[in-house]
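Participant: Got input_18.pdb for you, PDB, C-alpha atoms and all ligand atoms:
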```pdb
MODEL        1
ATOM      1  CA  MET A   1      -9.524   9.352   8.495
ATOM      2  CA  SER A   2      -6.306   9.416   6.529
ATOM      3  CA  GLY A   3      -3.668   6.817   7.108
ATOM      4  CA  GLY A   4      -1.042   9.290   8.313
ATOM      5  CA  ALA A   5       0.260   7.356  11.268
ATOM      6  CA  GLN A   6       2.875   9.319  13.190
ATOM      7  CA  THR A   7       5.612   7.022  14.315
ATOM      8  CA  ASN A   8       8.493   9.428  14.831
ATOM      9  CA  LEU A   9       7.988   9.831  18.550
ATOM     10  CA  PRO A  10      10.683   8.849  21.040
ATOM     11  CA  ASN A  11      10.465   5.320  22.356
ATOM     12  CA  PRO A  12       8.930   5.524  25.790
ATOM     13  CA  GLY A  13       9.740   2.013  26.810
ATOM     14  CA  ARG A  14      12.929   0.844  25.203
ATOM     15  CA  ASP A  15      14.322  -0.293  28.526
ATOM     16  CA  SER A  16      11.252  -2.145  29.699
ATOM     17  CA  GLY A  17      11.325  -4.919  27.127
ATOM     18  CA  LEU A  18      13.415  -8.052  26.951
ATOM     19  CA  SER A  19      16.392  -8.699  29.163
ATOM     20  CA  GLY A  20      18.729  -8.308  26.209
ATOM     21  CA  GLU A  21      20.189 -11.770  25.799
ATOM     22  CA  GLY A  22      19.146 -14.782  23.776
ATOM     23  CA  PRO A  23      16.228 -15.146  21.402
ATOM     24  CA  ALA A  24      12.910 -13.368  22.015
ATOM     25  CA  ILE A  25      10.960 -16.616  21.731
ATOM     26  CA  VAL A  26      12.082 -20.223  22.032
ATOM     27  CA  VAL A  27       9.712 -23.092  21.250
ATOM     28  CA  ARG A  28      10.804 -26.640  21.974
ATOM     29  CA  ASN A  29       9.041 -29.842  20.928
ATOM     30  CA  LEU A  30       5.619 -28.205  20.964
ATOM     31  CA  SER A  31       2.805 -30.662  20.238
ATOM     32  CA  LYS A  32      -0.947 -30.325  20.326
ATOM     33  CA  ARG A  33      -3.729 -32.572  19.143
ATOM     34  CA  TYR A  34      -7.496 -32.323  19.359
ATOM     35  CA  GLY A  35      -8.812 -35.881  19.447
ATOM     36  CA  ASP A  36      -7.250 -37.593  16.449
ATOM     37  CA  LEU A  37      -6.307 -34.334  14.770
ATOM     38  CA  VAL A  38      -2.619 -33.506  15.189
ATOM     39  CA  VAL A  39      -2.428 -29.728  14.859
ATOM     40  CA  LEU A  40       1.124 -29.018  16.091
ATOM     41  CA  GLU A  41       3.656 -31.815  15.750
ATOM     42  CA  ASN A  42       6.867 -31.486  17.708
ATOM     43  CA  LEU A  43       7.571 -27.904  16.610
ATOM     44  CA  SER A  44      10.904 -26.388  17.613
ATOM     45  CA  PHE A  45      12.051 -22.920  16.581
ATOM     46  CA  GLU A  46      13.634 -19.724  17.820
ATOM     47  CA  LEU A  47      12.671 -16.148  16.959
ATOM     48  CA  GLU A  48      15.284 -13.420  17.243
ATOM     49  CA  ARG A  49      14.473 -10.083  18.784
ATOM     50  CA  GLY A  50      13.741  -7.042  16.618
ATOM     51  CA  LYS A  51      12.488  -8.858  13.533
ATOM     52  CA  VAL A  52       9.164  -9.328  11.773
ATOM     53  CA  TYR A  53       8.113 -12.978  11.506
ATOM     54  CA  VAL A  54       5.125 -13.944   9.392
ATOM     55  CA  ILE A  55       3.257 -17.190  10.054
ATOM     56  CA  MET A  56       1.159 -18.220   7.085
ATOM     57  CA  GLY A  57      -0.583 -21.378   5.937
ATOM     58  CA  PRO A  58      -3.938 -22.658   4.736
ATOM     59  CA  SER A  59      -7.079 -22.220   6.765
ATOM     60  CA  GLY A  60      -7.282 -24.743   9.582
ATOM     61  CA  CYS A  61      -3.542 -25.570   9.547
ATOM     62  CA  GLY A  62      -3.144 -24.404  13.140
ATOM     63  CA  LYS A  63      -1.883 -20.807  13.040
ATOM     64  CA  SER A  64      -4.251 -19.519  15.716
ATOM     65  CA  THR A  65      -3.628 -22.652  17.762
ATOM     66  CA  LEU A  66       0.104 -21.952  17.618
ATOM     67  CA  LEU A  67      -0.518 -18.324  18.612
ATOM     68  CA  ARG A  68      -2.653 -19.368  21.588
ATOM     69  CA  HIS A  69       0.191 -21.595  22.761
ATOM     70  CA  LEU A  70       2.779 -18.837  22.299
ATOM     71  CA  ILE A  71       0.781 -16.421  24.469
ATOM     72  CA  GLY A  72       0.059 -19.057  27.106
ATOM     73  CA  ALA A  73      -3.680 -19.112  26.437
ATOM     74  CA  GLU A  74      -3.631 -22.837  25.819
ATOM     75  CA  THR A  75      -1.664 -25.698  27.390
ATOM     76  CA  PRO A  76       0.365 -27.908  25.047
ATOM     77  CA  ASP A  77       0.244 -31.700  25.152
ATOM     78  CA  ASN A  78       4.018 -31.595  25.127
ATOM     79  CA  GLY A  79       6.870 -29.107  24.857
ATOM     80  CA  GLU A  80       7.583 -25.607  26.081
ATOM     81  CA  VAL A  81       7.422 -21.953  25.090
ATOM     82  CA  LEU A  82       9.956 -19.524  26.501
ATOM     83  CA  ILE A  83       9.348 -15.789  26.144
ATOM     84  CA  ASP A  84      12.631 -14.043  26.887
ATOM     85  CA  GLY A  85      13.682 -17.179  28.715
ATOM     86  CA  VAL A  86      10.530 -17.279  30.867
ATOM     87  CA  ASP A  87       8.337 -20.378  30.699
ATOM     88  CA  MET A  88       4.862 -19.418  29.422
ATOM     89  CA  HIS A  89       3.346 -22.576  30.834
ATOM     90  CA  SER A  90       5.030 -22.544  34.217
ATOM     91  CA  ASN A  91       2.964 -23.802  37.116
ATOM     92  CA  ASP A  92       3.930 -20.645  38.972
ATOM     93  CA  ARG A  93       1.403 -17.928  38.177
ATOM     94  CA  LYS A  94       3.881 -15.155  39.027
ATOM     95  CA  VAL A  95       6.295 -16.505  36.421
ATOM     96  CA  ARG A  96       3.532 -16.611  33.799
ATOM     97  CA  ASP A  97       2.483 -13.049  34.651
ATOM     98  CA  GLU A  98       6.080 -11.905  34.285
ATOM     99  CA  ALA A  99       6.201 -13.442  30.814
ATOM    100  CA  ARG A 100       2.845 -11.894  29.887
ATOM    101  CA  ARG A 101       4.104  -8.384  30.598
ATOM    102  CA  LYS A 102       6.638  -8.834  27.814
ATOM    103  CA  PHE A 103       4.160  -9.003  24.942
ATOM    104  CA  GLY A 104       1.016  -7.428  23.543
ATOM    105  CA  VAL A 105      -1.569  -9.031  21.286
ATOM    106  CA  LEU A 106      -3.603  -7.466  18.499
ATOM    107  CA  PHE A 107      -6.571  -9.801  18.160
ATOM    108  CA  GLN A 108      -8.307 -10.243  14.836
ATOM    109  CA  SER A 109     -11.445  -8.446  15.997
ATOM    110  CA  ALA A 110      -9.366  -5.733  17.754
ATOM    111  CA  ALA A 111     -11.520  -6.749  20.780
ATOM    112  CA  LEU A 112     -12.233  -3.208  21.981
ATOM    113  CA  LEU A 113     -14.813  -2.781  24.743
ATOM    114  CA  ASN A 114     -17.784  -0.917  23.290
ATOM    115  CA  GLY A 115     -18.722   0.843  26.521
ATOM    116  CA  LEU A 116     -15.328   2.565  26.754
ATOM    117  CA  THR A 117     -13.783   5.276  24.595
ATOM    118  CA  VAL A 118     -10.708   4.545  22.523
ATOM    119  CA  ALA A 119      -8.503   6.221  25.152
ATOM    120  CA  GLU A 120     -10.161   4.298  27.985
ATOM    121  CA  ASN A 121      -9.622   1.050  26.093
ATOM    122  CA  VAL A 122      -5.921   1.798  25.698
ATOM    123  CA  ALA A 123      -5.642   2.797  29.378
ATOM    124  CA  LEU A 124      -7.149  -0.490  30.542
ATOM    125  CA  PRO A 125      -4.025  -2.694  30.556
ATOM    126  CA  ILE A 126      -1.965   0.071  32.166
ATOM    127  CA  GLN A 127      -4.521   0.468  34.970
ATOM    128  CA  ARG A 128      -4.707  -3.272  35.399
ATOM    129  CA  HIS A 129      -0.982  -3.942  35.571
ATOM    130  CA  THR A 130       0.511  -0.815  37.173
ATOM    131  CA  ASP A 131      -0.083   1.602  40.056
ATOM    132  CA  LEU A 132       0.757   4.650  37.959
ATOM    133  CA  PRO A 133      -1.139   7.897  38.676
ATOM    134  CA  LYS A 134      -3.897   8.953  36.275
ATOM    135  CA  SER A 135      -1.879  11.863  34.864
ATOM    136  CA  THR A 136       0.936   9.475  33.846
ATOM    137  CA  ILE A 137      -1.503   6.976  32.370
ATOM    138  CA  ASP A 138      -3.206   9.758  30.384
ATOM    139  CA  LEU A 139       0.161  10.780  28.988
ATOM    140  CA  MET A 140       1.089   7.193  28.072
ATOM    141  CA  VAL A 141      -2.274   6.697  26.352
ATOM    142  CA  LYS A 142      -1.914   9.939  24.405
ATOM    143  CA  LEU A 143       1.556   8.928  23.269
ATOM    144  CA  LYS A 144       0.411   5.489  22.116
ATOM    145  CA  LEU A 145      -2.563   6.926  20.239
ATOM    146  CA  GLU A 146      -0.310   9.484  18.525
ATOM    147  CA  LEU A 147       2.037   6.667  17.623
ATOM    148  CA  VAL A 148      -0.678   4.885  15.635
ATOM    149  CA  GLY A 149      -2.146   8.086  14.167
ATOM    150  CA  MET A 150      -5.246   7.979  16.361
ATOM    151  CA  GLY A 151      -4.635  11.054  18.529
ATOM    152  CA  SER A 152      -7.769  12.811  17.308
ATOM    153  CA  ALA A 153     -10.046   9.824  17.956
ATOM    154  CA  ALA A 154      -9.197   9.377  21.646
ATOM    155  CA  ASP A 155     -12.697  10.256  22.879
ATOM    156  CA  LYS A 156     -14.649   8.295  20.286
ATOM    157  CA  TYR A 157     -16.402   5.037  21.086
ATOM    158  CA  PRO A 158     -15.505   1.890  19.097
ATOM    159  CA  TYR A 159     -18.858   1.927  17.266
ATOM    160  CA  GLU A 160     -18.061   5.439  16.001
ATOM    161  CA  ILE A 161     -14.837   4.489  14.223
ATOM    162  CA  SER A 162     -13.961   2.498  11.096
ATOM    163  CA  GLY A 163     -12.478  -1.000  10.966
ATOM    164  CA  GLY A 164      -9.013   0.330  10.189
ATOM    165  CA  MET A 165      -9.209   2.771  13.091
ATOM    166  CA  LYS A 166     -10.323  -0.060  15.380
ATOM    167  CA  LYS A 167      -7.232  -2.047  14.390
ATOM    168  CA  ARG A 168      -5.016   0.918  15.156
ATOM    169  CA  ALA A 169      -6.741   1.474  18.509
ATOM    170  CA  GLY A 170      -6.261  -2.241  19.244
ATOM    171  CA  LEU A 171      -2.605  -1.850  18.322
ATOM    172  CA  ALA A 172      -2.257   1.163  20.650
ATOM    173  CA  ARG A 173      -3.692  -1.020  23.414
ATOM    174  CA  ALA A 174      -1.368  -3.909  22.512
ATOM    175  CA  ILE A 175       1.661  -1.632  22.936
ATOM    176  CA  ALA A 176       0.286   0.245  25.970
ATOM    177  CA  LEU A 177       2.712  -1.430  28.362
ATOM    178  CA  ASP A 178       5.709  -1.081  26.037
ATOM    179  CA  PRO A 179       5.971  -4.774  25.196
ATOM    180  CA  ALA A 180       9.058  -6.230  23.582
ATOM    181  CA  ILE A 181       6.973  -8.547  21.403
ATOM    182  CA  VAL A 182       3.662  -7.968  19.626
ATOM    183  CA  PHE A 183       1.571 -10.829  18.254
ATOM    184  CA  TYR A 184      -0.792  -9.885  15.436
ATOM    185  CA  ASP A 185      -3.618 -12.250  14.446
ATOM    186  CA  GLU A 186      -4.603 -11.326  10.890
ATOM    187  CA  PRO A 187      -4.123  -7.570  11.344
ATOM    188  CA  SER A 188      -5.206  -6.856   7.749
ATOM    189  CA  ALA A 189      -8.391  -8.922   7.636
ATOM    190  CA  GLY A 190     -11.276  -6.915   6.216
ATOM    191  CA  LEU A 191      -9.243  -3.795   5.441
ATOM    192  CA  ASP A 192      -8.820  -1.983   2.110
ATOM    193  CA  PRO A 193      -5.379  -2.084   0.426
ATOM    194  CA  VAL A 194      -4.436   1.415   1.570
ATOM    195  CA  MET A 195      -5.319   0.686   5.197
ATOM    196  CA  ILE A 196      -3.424  -2.604   4.931
ATOM    197  CA  GLY A 197      -0.428  -0.532   3.837
ATOM    198  CA  VAL A 198      -0.887   1.734   6.869
ATOM    199  CA  ILE A 199      -0.986  -1.216   9.272
ATOM    200  CA  ASP A 200       2.024  -2.783   7.532
ATOM    201  CA  LYS A 201       3.969   0.451   7.960
ATOM    202  CA  LEU A 202       3.044   0.587  11.642
ATOM    203  CA  ILE A 203       4.223  -2.984  12.167
ATOM    204  CA  MET A 204       7.510  -2.213  10.409
ATOM    205  CA  ASP A 205       7.988   1.086  12.283
ATOM    206  CA  LEU A 206       7.365  -0.552  15.643
ATOM    207  CA  THR A 207      10.006  -3.128  14.781
ATOM    208  CA  ASN A 208      12.558  -0.928  13.037
ATOM    209  CA  LYS A 209      12.302   2.130  15.298
ATOM    210  CA  LEU A 210      11.378   0.599  18.653
ATOM    211  CA  GLY A 211      12.958  -2.828  18.252
ATOM    212  CA  ILE A 212       9.689  -4.660  18.888
ATOM    213  CA  THR A 213       9.679  -8.285  17.730
ATOM    214  CA  ALA A 214       6.600  -8.896  15.581
ATOM    215  CA  VAL A 215       4.872 -12.241  15.041
ATOM    216  CA  VAL A 216       2.236 -11.736  12.376
ATOM    217  CA  ILE A 217      -0.348 -14.246  11.191
ATOM    218  CA  THR A 218      -1.528 -13.164   7.776
ATOM    219  CA  HIS A 219      -2.764 -14.425   4.423
ATOM    220  CA  GLU A 220      -2.063 -11.142   2.612
ATOM    221  CA  MET A 221       0.680 -11.948   0.113
ATOM    222  CA  PRO A 222       1.582  -8.268  -0.636
ATOM    223  CA  SER A 223       1.888  -7.667   3.128
ATOM    224  CA  ILE A 224       4.041 -10.742   3.580
ATOM    225  CA  PHE A 225       6.491  -9.606   0.911
ATOM    226  CA  ARG A 226       6.476  -6.082   2.346
ATOM    227  CA  ILE A 227       6.943  -6.680   6.054
ATOM    228  CA  ALA A 228       8.527 -10.085   6.687
ATOM    229  CA  ASP A 229      12.121 -10.640   7.681
ATOM    230  CA  GLU A 230      11.247 -14.314   7.767
ATOM    231  CA  VAL A 231       8.225 -16.298   6.610
ATOM    232  CA  MET A 232       7.111 -19.554   8.239
ATOM    233  CA  MET A 233       4.508 -21.691   6.504
ATOM    234  CA  LEU A 234       2.633 -24.080   8.767
ATOM    235  CA  PHE A 235       1.208 -27.208   7.184
ATOM    236  CA  GLY A 236       0.413 -30.669   8.522
ATOM    237  CA  GLY A 237       1.566 -29.739  12.024
ATOM    238  CA  ARG A 238       5.043 -28.625  10.936
ATOM    239  CA  PHE A 239       6.748 -25.785   9.130
ATOM    240  CA  ALA A 240       6.722 -26.722   5.461
ATOM    241  CA  PHE A 241       8.767 -23.613   4.659
ATOM    242  CA  ARG A 242      10.979 -21.175   6.534
ATOM    243  CA  GLY A 243      12.889 -18.441   4.763
ATOM    244  CA  THR A 244      13.069 -14.868   3.552
ATOM    245  CA  PRO A 245      10.353 -13.373   1.339
ATOM    246  CA  GLN A 246      12.823 -13.659  -1.562
ATOM    247  CA  GLN A 247      13.286 -17.381  -0.899
ATOM    248  CA  LEU A 248       9.516 -17.711  -0.682
ATOM    249  CA  ARG A 249       9.129 -16.025  -4.047
ATOM    250  CA  ASN A 250      11.730 -18.326  -5.610
ATOM    251  CA  SER A 251      10.510 -21.528  -3.968
ATOM    252  CA  THR A 252       9.630 -24.375  -6.298
ATOM    253  CA  ASP A 253       7.851 -26.359  -3.570
ATOM    254  CA  PRO A 254       4.382 -27.152  -4.984
ATOM    255  CA  LEU A 255       2.833 -26.434  -1.582
ATOM    256  CA  VAL A 256       4.362 -22.969  -1.431
ATOM    257  CA  ARG A 257       3.591 -22.230  -5.074
ATOM    258  CA  GLN A 258      -0.055 -23.209  -4.667
ATOM    259  CA  PHE A 259      -0.424 -20.982  -1.630
ATOM    260  CA  ILE A 260       1.298 -17.987  -3.228
ATOM    261  CA  ASN A 261      -0.667 -18.340  -6.461
ATOM    262  CA  GLY A 262      -3.987 -19.097  -4.761
ATOM    263  CA  ASP A 263      -4.453 -22.161  -6.959
ATOM    264  CA  PRO A 264      -7.506 -24.237  -5.940
ATOM    265  CA  GLU A 265      -5.842 -27.426  -7.248
ATOM    266  CA  GLY A 266      -2.684 -28.780  -5.613
ATOM    267  CA  PRO A 267      -1.279 -30.423  -2.502
ATOM    268  CA  ILE A 268      -3.311 -28.138  -0.237
ATOM    269  CA  ASN A 269      -6.882 -29.405  -0.333
ATOM    270  CA  ALA A 270      -9.712 -26.982  -0.055
ATOM    271  CA  PRO A 271     -12.069 -28.198   2.677
ATOM    272  CA  ARG A 272     -13.847 -31.261   1.316
ATOM    273  CA  GLN A 273     -17.301 -29.966   2.150
ATOM    274  CA  LEU A 274     -16.689 -26.878   0.019
ATOM    275  CA  ALA A 275     -15.520 -28.943  -2.948
ATOM    276  CA  GLU A 276     -18.487 -31.278  -2.613
ATOM    277  CA  LEU A 277     -20.867 -28.361  -2.380
ATOM    278  CA  SER A 278     -19.300 -26.858  -5.474
ATOM    279  CA  ASP A 279     -19.680 -30.206  -7.323
ATOM    280  CA  LYS A 280     -23.290 -30.410  -6.277
ATOM    281  CA  LEU A 281     -24.134 -26.879  -7.305
ATOM    282  CA  LEU A 282     -22.096 -26.765 -10.488
ATOM    283  CA  GLY A 283     -22.342 -30.435 -11.416
ATOM    284  CA  GLY A 284     -18.587 -30.752 -12.039
ATOM    285  CA  SER A 285     -16.547 -33.865 -11.420
ATOM    286  CA  ARG A 286     -13.888 -33.177  -8.858
ATOM    287  CA  ARG A 287     -10.469 -34.683  -9.297
ATOM    288  CA  GLY A 288      -9.420 -37.217  -6.658
ATOM    289  CA  GLN A 289      -7.872 -35.606  -3.583
ATOM    290  CA  THR A 290      -5.832 -37.427  -1.054
ATOM    291  CA  ALA A 291      -3.424 -35.074   0.692
ATOM    292  CA  GLN A 292      -4.927 -33.233   3.595
ATOM    293  CA  GLY A 293      -3.900 -30.091   5.448
ATOM    294  CA  ALA A 294      -4.141 -30.319   9.201
ATOM    295  CA  GLY A 295      -7.596 -28.883   9.266
ATOM    296  CA  ALA A 296      -8.978 -29.607   5.799
TER     297      ALA A 296
HETATM  298  N1  LIG A 301     -10.389 -26.002  20.934
HETATM  299  C1  LIG A 301     -10.429 -26.800  19.867
HETATM  300  N2  LIG A 301     -11.024 -28.011  19.926
HETATM  301  C2  LIG A 301     -11.029 -28.842  18.868
HETATM  302  N3  LIG A 301     -10.471 -28.551  17.681
HETATM  303  C3  LIG A 301      -9.865 -27.354  17.551
HETATM  304  C4  LIG A 301      -9.808 -26.420  18.632
HETATM  305  N4  LIG A 301      -9.139 -25.322  18.216
HETATM  306  C5  LIG A 301      -8.802 -25.557  16.937
HETATM  307  N5  LIG A 301      -9.231 -26.762  16.539
HETATM  308  C6  LIG A 301      -9.000 -27.376  15.220
HETATM  309  O1  LIG A 301      -7.618 -27.290  14.960
HETATM  310  C7  LIG A 301      -7.379 -26.957  13.600
HETATM  311  C8  LIG A 301      -6.546 -25.699  13.538
HETATM  312  O2  LIG A 301      -7.354 -24.595  13.900
HETATM  313  P1  LIG A 301      -6.796 -23.099  13.896
HETATM  314  O3  LIG A 301      -7.896 -22.215  14.344
HETATM  315  O4  LIG A 301      -5.523 -23.063  14.647
HETATM  316  O5  LIG A 301      -6.493 -22.894  12.342
HETATM  317  P2  LIG A 301      -5.974 -21.597  11.567
HETATM  318  O6  LIG A 301      -4.738 -22.000  10.818
HETATM  319  O7  LIG A 301      -5.864 -20.460  12.514
HETATM  320  O8  LIG A 301      -7.146 -21.370  10.496
HETATM  321  P3  LIG A 301      -7.746 -19.980   9.893
HETATM  322  O9  LIG A 301      -6.758 -19.495   8.854
HETATM  323  O10 LIG A 301      -9.017 -20.435   9.245
HETATM  324  O11 LIG A 301      -7.949 -19.015  11.028
HETATM  325  C9  LIG A 301      -8.759 -26.847  12.960
HETATM  326  O12 LIG A 301      -9.062 -28.070  12.353
HETATM  327  C10 LIG A 301      -9.680 -26.578  14.118
HETATM  328  O13 LIG A 301     -10.965 -27.082  13.865
HETATM  329 MG    MG A 302      -6.893 -18.602  12.713
ENDMDL
END
```
Could you render the structure as structure tokens?

Facilitator:
Amino acid sequence: MSGGAQTNLPNPGRDSGLSGEGPAIVVRNLSKRYGDLVVLENLSFELERGKVYVIMGPSGCGKSTLLRHLIGAETPDNGEVLIDGVDMHSNDRKVRDEARRKFGVLFQSAALLNGLTVAENVALPIQRHTDLPKSTIDLMVKLKLELVGMGSAADKYPYEISGGMKKRAGLARAIALDPAIVFYDEPSAGLDPVMIGVIDKLIMDLTNKLGITAVVITHEMPSIFRIADEVMMLFGGRFAFRGTPQQLRNSTDPLVRQFINGDPEGPINAPRQLAELSDKLLGGSRRGQTAQGAGA
């Protein structure tokens, strides 16, 4: 399947997104620890609507943990997350449901149900959250699949399509209810460079043409430089860097430089077990390492 995603369709849901005032996401004093491990340490930030934000950082630094807190899938030890002003961790279930309607999530695995066709997978959230008649749902599904260049694969089952197509089907499902925000957990993982480019273009089109705020967790440096309005690097429970891709490129911070260059030596430790295994197998003498990332 070629990567010709068609994204020039009218926006079906421009009016159903955020209320139009204030930031898309506000995080205040967010903290989370697992036992002795502090993963998120008093994080406070605001994300404006209609921009692409990239969250990057070494493995185990807490990116997925942060994402789970943003979407209300996990309860913080302290602090709050407001999506369009609505508290994601409110005790009132109705309030949480209201907030949940405002965003879609593209999970790393795409998380499609194997027993359903692509179209049926995309229809699922619409059936679950609305009382719309089947003919309307069919139309919405068709539109979303066209939007991600998957119109011709509507009746295929997930096991019949490639990894890149699965991601696009997952994206169609994430935007099924016309969310104002889409969270992407490693949307490029396991894809070839051309398909990564296709997904990047979709993310940018959804933001630039439909005004969707994108929060993207990714390690792909070319993607980061291509899509990000702002890059946030999580390390040691806090943001070690926040800035534009250009500022990222010009940063002299050793942490940032090591990450960008993929240097195994530096302030970001590779997991100790890996280094020890490498010493054992290759017989090298590892240099002393003291600094630790949150999860290293
Ligand atoms: N439910 C949990 N219970 C205990 N520890 C956890 C839990 N979830 C995450 N952790 C720990 O918190 C740290 C951050 O994990 P997280 O999955 O957020 O990292 P990540 O930045 O997404 O890493 P990766 O890039 O490898 O996906 C890790 O050390 C992980 O082992
Ligand atoms: Mg993760």

Participant: Please report, as a tab-separated table, each residue of range 115-205 of chain A lying at most 12 Å from range 67-78 of chain A, together with the nearest pair of atoms and the separation in Å rounded to one decimal; use all atoms listed in the file, and order rows by chain and ascending residue number.

Facilitator:
```
residue	atom	partner	partner_atom	distance
A:Ile181	CA	A:Ile71	CA	10.5
A:Val182	CA	A:Ile71	CA	10.2
A:Phe183	CA	A:Leu67	CA	7.8
A:Tyr184	CA	A:Leu67	CA	9.0
A:Asp185	CA	A:Leu67	CA	8.0
A:Glu186	CA	A:Leu67	CA	11.2
```

Participant: Selected by the PyMOL selection byres (((chain A and resi 238) around 12) and not hetatm) in the shown coordinates: which residues, as JSON, numbers by chain?

Facilitator: {"A": [29, 30, 31, 32, 38, 39, 40, 41, 42, 43, 44, 45, 55, 56, 57, 61, 62, 63, 66, 232, 233, 234, 235, 236, 237, 239, 240, 241, 242, 293, 294]}

Participant: Report as number ranges by chain all protein, DNA and RNA residues lying within 10 Å of Ser223 in chain A, evaluated on all atoms listed in the file, omitting residues in the same chain fewer than 2 positions from it.

Facilitator: A: 54, 188, 193, 196-197, 199-201, 218-221, 225-228

Participant: I would like the residues chosen by the PyMOL selection byres (((chain A and resi 177) around 8) and not hetatm) on the shown file; could you give them as a list in words?

Facilitator: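 With the shown file as input, the PyMOL selection byres (((chain A and resi 177) around 8) and not hetatm) matches Gly13, Arg101, Gly104, Pro125, Ile126, Ala174, Ile175, Ala176, Asp178 and Pro179 of chain A.
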
Participant: Could you list, as a PDB file with C-alpha atoms, in the coordinates of the input, every residue matched by the PyMOL selection byres (((chain A and resi 168) around 12) and not hetatm) in this structure?

Facilitator:
```pdb
ATOM      1  CA  MET A   1      -9.524   9.352   8.495  1.00  0.00           C
ATOM      2  CA  GLY A   3      -3.668   6.817   7.108  1.00  0.00           C
ATOM      3  CA  GLY A   4      -1.042   9.290   8.313  1.00  0.00           C
ATOM      4  CA  ALA A   5       0.260   7.356  11.268  1.00  0.00           C
ATOM      5  CA  GLN A   6       2.875   9.319  13.190  1.00  0.00           C
ATOM      6  CA  LEU A 106      -3.603  -7.466  18.499  1.00  0.00           C
ATOM      7  CA  PHE A 107      -6.571  -9.801  18.160  1.00  0.00           C
ATOM      8  CA  GLN A 108      -8.307 -10.243  14.836  1.00  0.00           C
ATOM      9  CA  SER A 109     -11.445  -8.446  15.997  1.00  0.00           C
ATOM     10  CA  ALA A 110      -9.366  -5.733  17.754  1.00  0.00           C
ATOM     11  CA  ALA A 111     -11.520  -6.749  20.780  1.00  0.00           C
ATOM     12  CA  LEU A 112     -12.233  -3.208  21.981  1.00  0.00           C
ATOM     13  CA  VAL A 118     -10.708   4.545  22.523  1.00  0.00           C
ATOM     14  CA  ALA A 119      -8.503   6.221  25.152  1.00  0.00           C
ATOM     15  CA  ASN A 121      -9.622   1.050  26.093  1.00  0.00           C
ATOM     16  CA  VAL A 122      -5.921   1.798  25.698  1.00  0.00           C
ATOM     17  CA  LYS A 144       0.411   5.489  22.116  1.00  0.00           C
ATOM     18  CA  LEU A 145      -2.563   6.926  20.239  1.00  0.00           C
ATOM     19  CA  GLU A 146      -0.310   9.484  18.525  1.00  0.00           C
ATOM     20  CA  LEU A 147       2.037   6.667  17.623  1.00  0.00           C
ATOM     21  CA  VAL A 148      -0.678   4.885  15.635  1.00  0.00           C
ATOM     22  CA  GLY A 149      -2.146   8.086  14.167  1.00  0.00           C
ATOM     23  CA  MET A 150      -5.246   7.979  16.361  1.00  0.00           C
ATOM     24  CA  GLY A 151      -4.635  11.054  18.529  1.00  0.00           C
ATOM     25  CA  ALA A 153     -10.046   9.824  17.956  1.00  0.00           C
ATOM     26  CA  ALA A 154      -9.197   9.377  21.646  1.00  0.00           C
ATOM     27  CA  PRO A 158     -15.505   1.890  19.097  1.00  0.00           C
ATOM     28  CA  ILE A 161     -14.837   4.489  14.223  1.00  0.00           C
ATOM     29  CA  SER A 162     -13.961   2.498  11.096  1.00  0.00           C
ATOM     30  CA  GLY A 163     -12.478  -1.000  10.966  1.00  0.00           C
ATOM     31  CA  GLY A 164      -9.013   0.330  10.189  1.00  0.00           C
ATOM     32  CA  MET A 165      -9.209   2.771  13.091  1.00  0.00           C
ATOM     33  CA  LYS A 166     -10.323  -0.060  15.380  1.00  0.00           C
ATOM     34  CA  LYS A 167      -7.232  -2.047  14.390  1.00  0.00           C
ATOM     35  CA  ALA A 169      -6.741   1.474  18.509  1.00  0.00           C
ATOM     36  CA  GLY A 170      -6.261  -2.241  19.244  1.00  0.00           C
ATOM     37  CA  LEU A 171      -2.605  -1.850  18.322  1.00  0.00           C
ATOM     38  CA  ALA A 172      -2.257   1.163  20.650  1.00  0.00           C
ATOM     39  CA  ARG A 173      -3.692  -1.020  23.414  1.00  0.00           C
ATOM     40  CA  ALA A 174      -1.368  -3.909  22.512  1.00  0.00           C
ATOM     41  CA  ILE A 175       1.661  -1.632  22.936  1.00  0.00           C
ATOM     42  CA  TYR A 184      -0.792  -9.885  15.436  1.00  0.00           C
ATOM     43  CA  PRO A 187      -4.123  -7.570  11.344  1.00  0.00           C
ATOM     44  CA  SER A 188      -5.206  -6.856   7.749  1.00  0.00           C
ATOM     45  CA  LEU A 191      -9.243  -3.795   5.441  1.00  0.00           C
ATOM     46  CA  MET A 195      -5.319   0.686   5.197  1.00  0.00           C
ATOM     47  CA  ILE A 196      -3.424  -2.604   4.931  1.00  0.00           C
ATOM     48  CA  VAL A 198      -0.887   1.734   6.869  1.00  0.00           C
ATOM     49  CA  ILE A 199      -0.986  -1.216   9.272  1.00  0.00           C
ATOM     50  CA  ASP A 200       2.024  -2.783   7.532  1.00  0.00           C
ATOM     51  CA  LYS A 201       3.969   0.451   7.960  1.00  0.00           C
ATOM     52  CA  LEU A 202       3.044   0.587  11.642  1.00  0.00           C
ATOM     53  CA  ILE A 203       4.223  -2.984  12.167  1.00  0.00           C
TER      54      ILE A 203
END
```

Participant: Edge lengths and centre, in Å to one decimal, as lines of an AutoDock Vina configuration file: that's what I need for the box along x, y and z that holds all listed atoms of range 68-83 of chain A plus 4 Å on each side.

Facilitator:
```
center_x = 3.1
center_y = -23.7
center_z = 24.5
size_x = 21.6
size_y = 23.9
size_z = 13.8
```

Participant: Which distance in Å separates atom N4 of ligand LIG 301 (chain A) and CA of Pro222 in chain A, to one decimal?

Facilitator: 27.6 Å

Participant: Let me make sure I understand: among A:Ile260, A:Ala214, A:Leu116, A:Val231, which one has the smallest atom-to-atom distance to Glu48 in chain A if we use all atoms listed in the file?

Facilitator: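 Nearest to Glu48 in chain A: A:Ala214.
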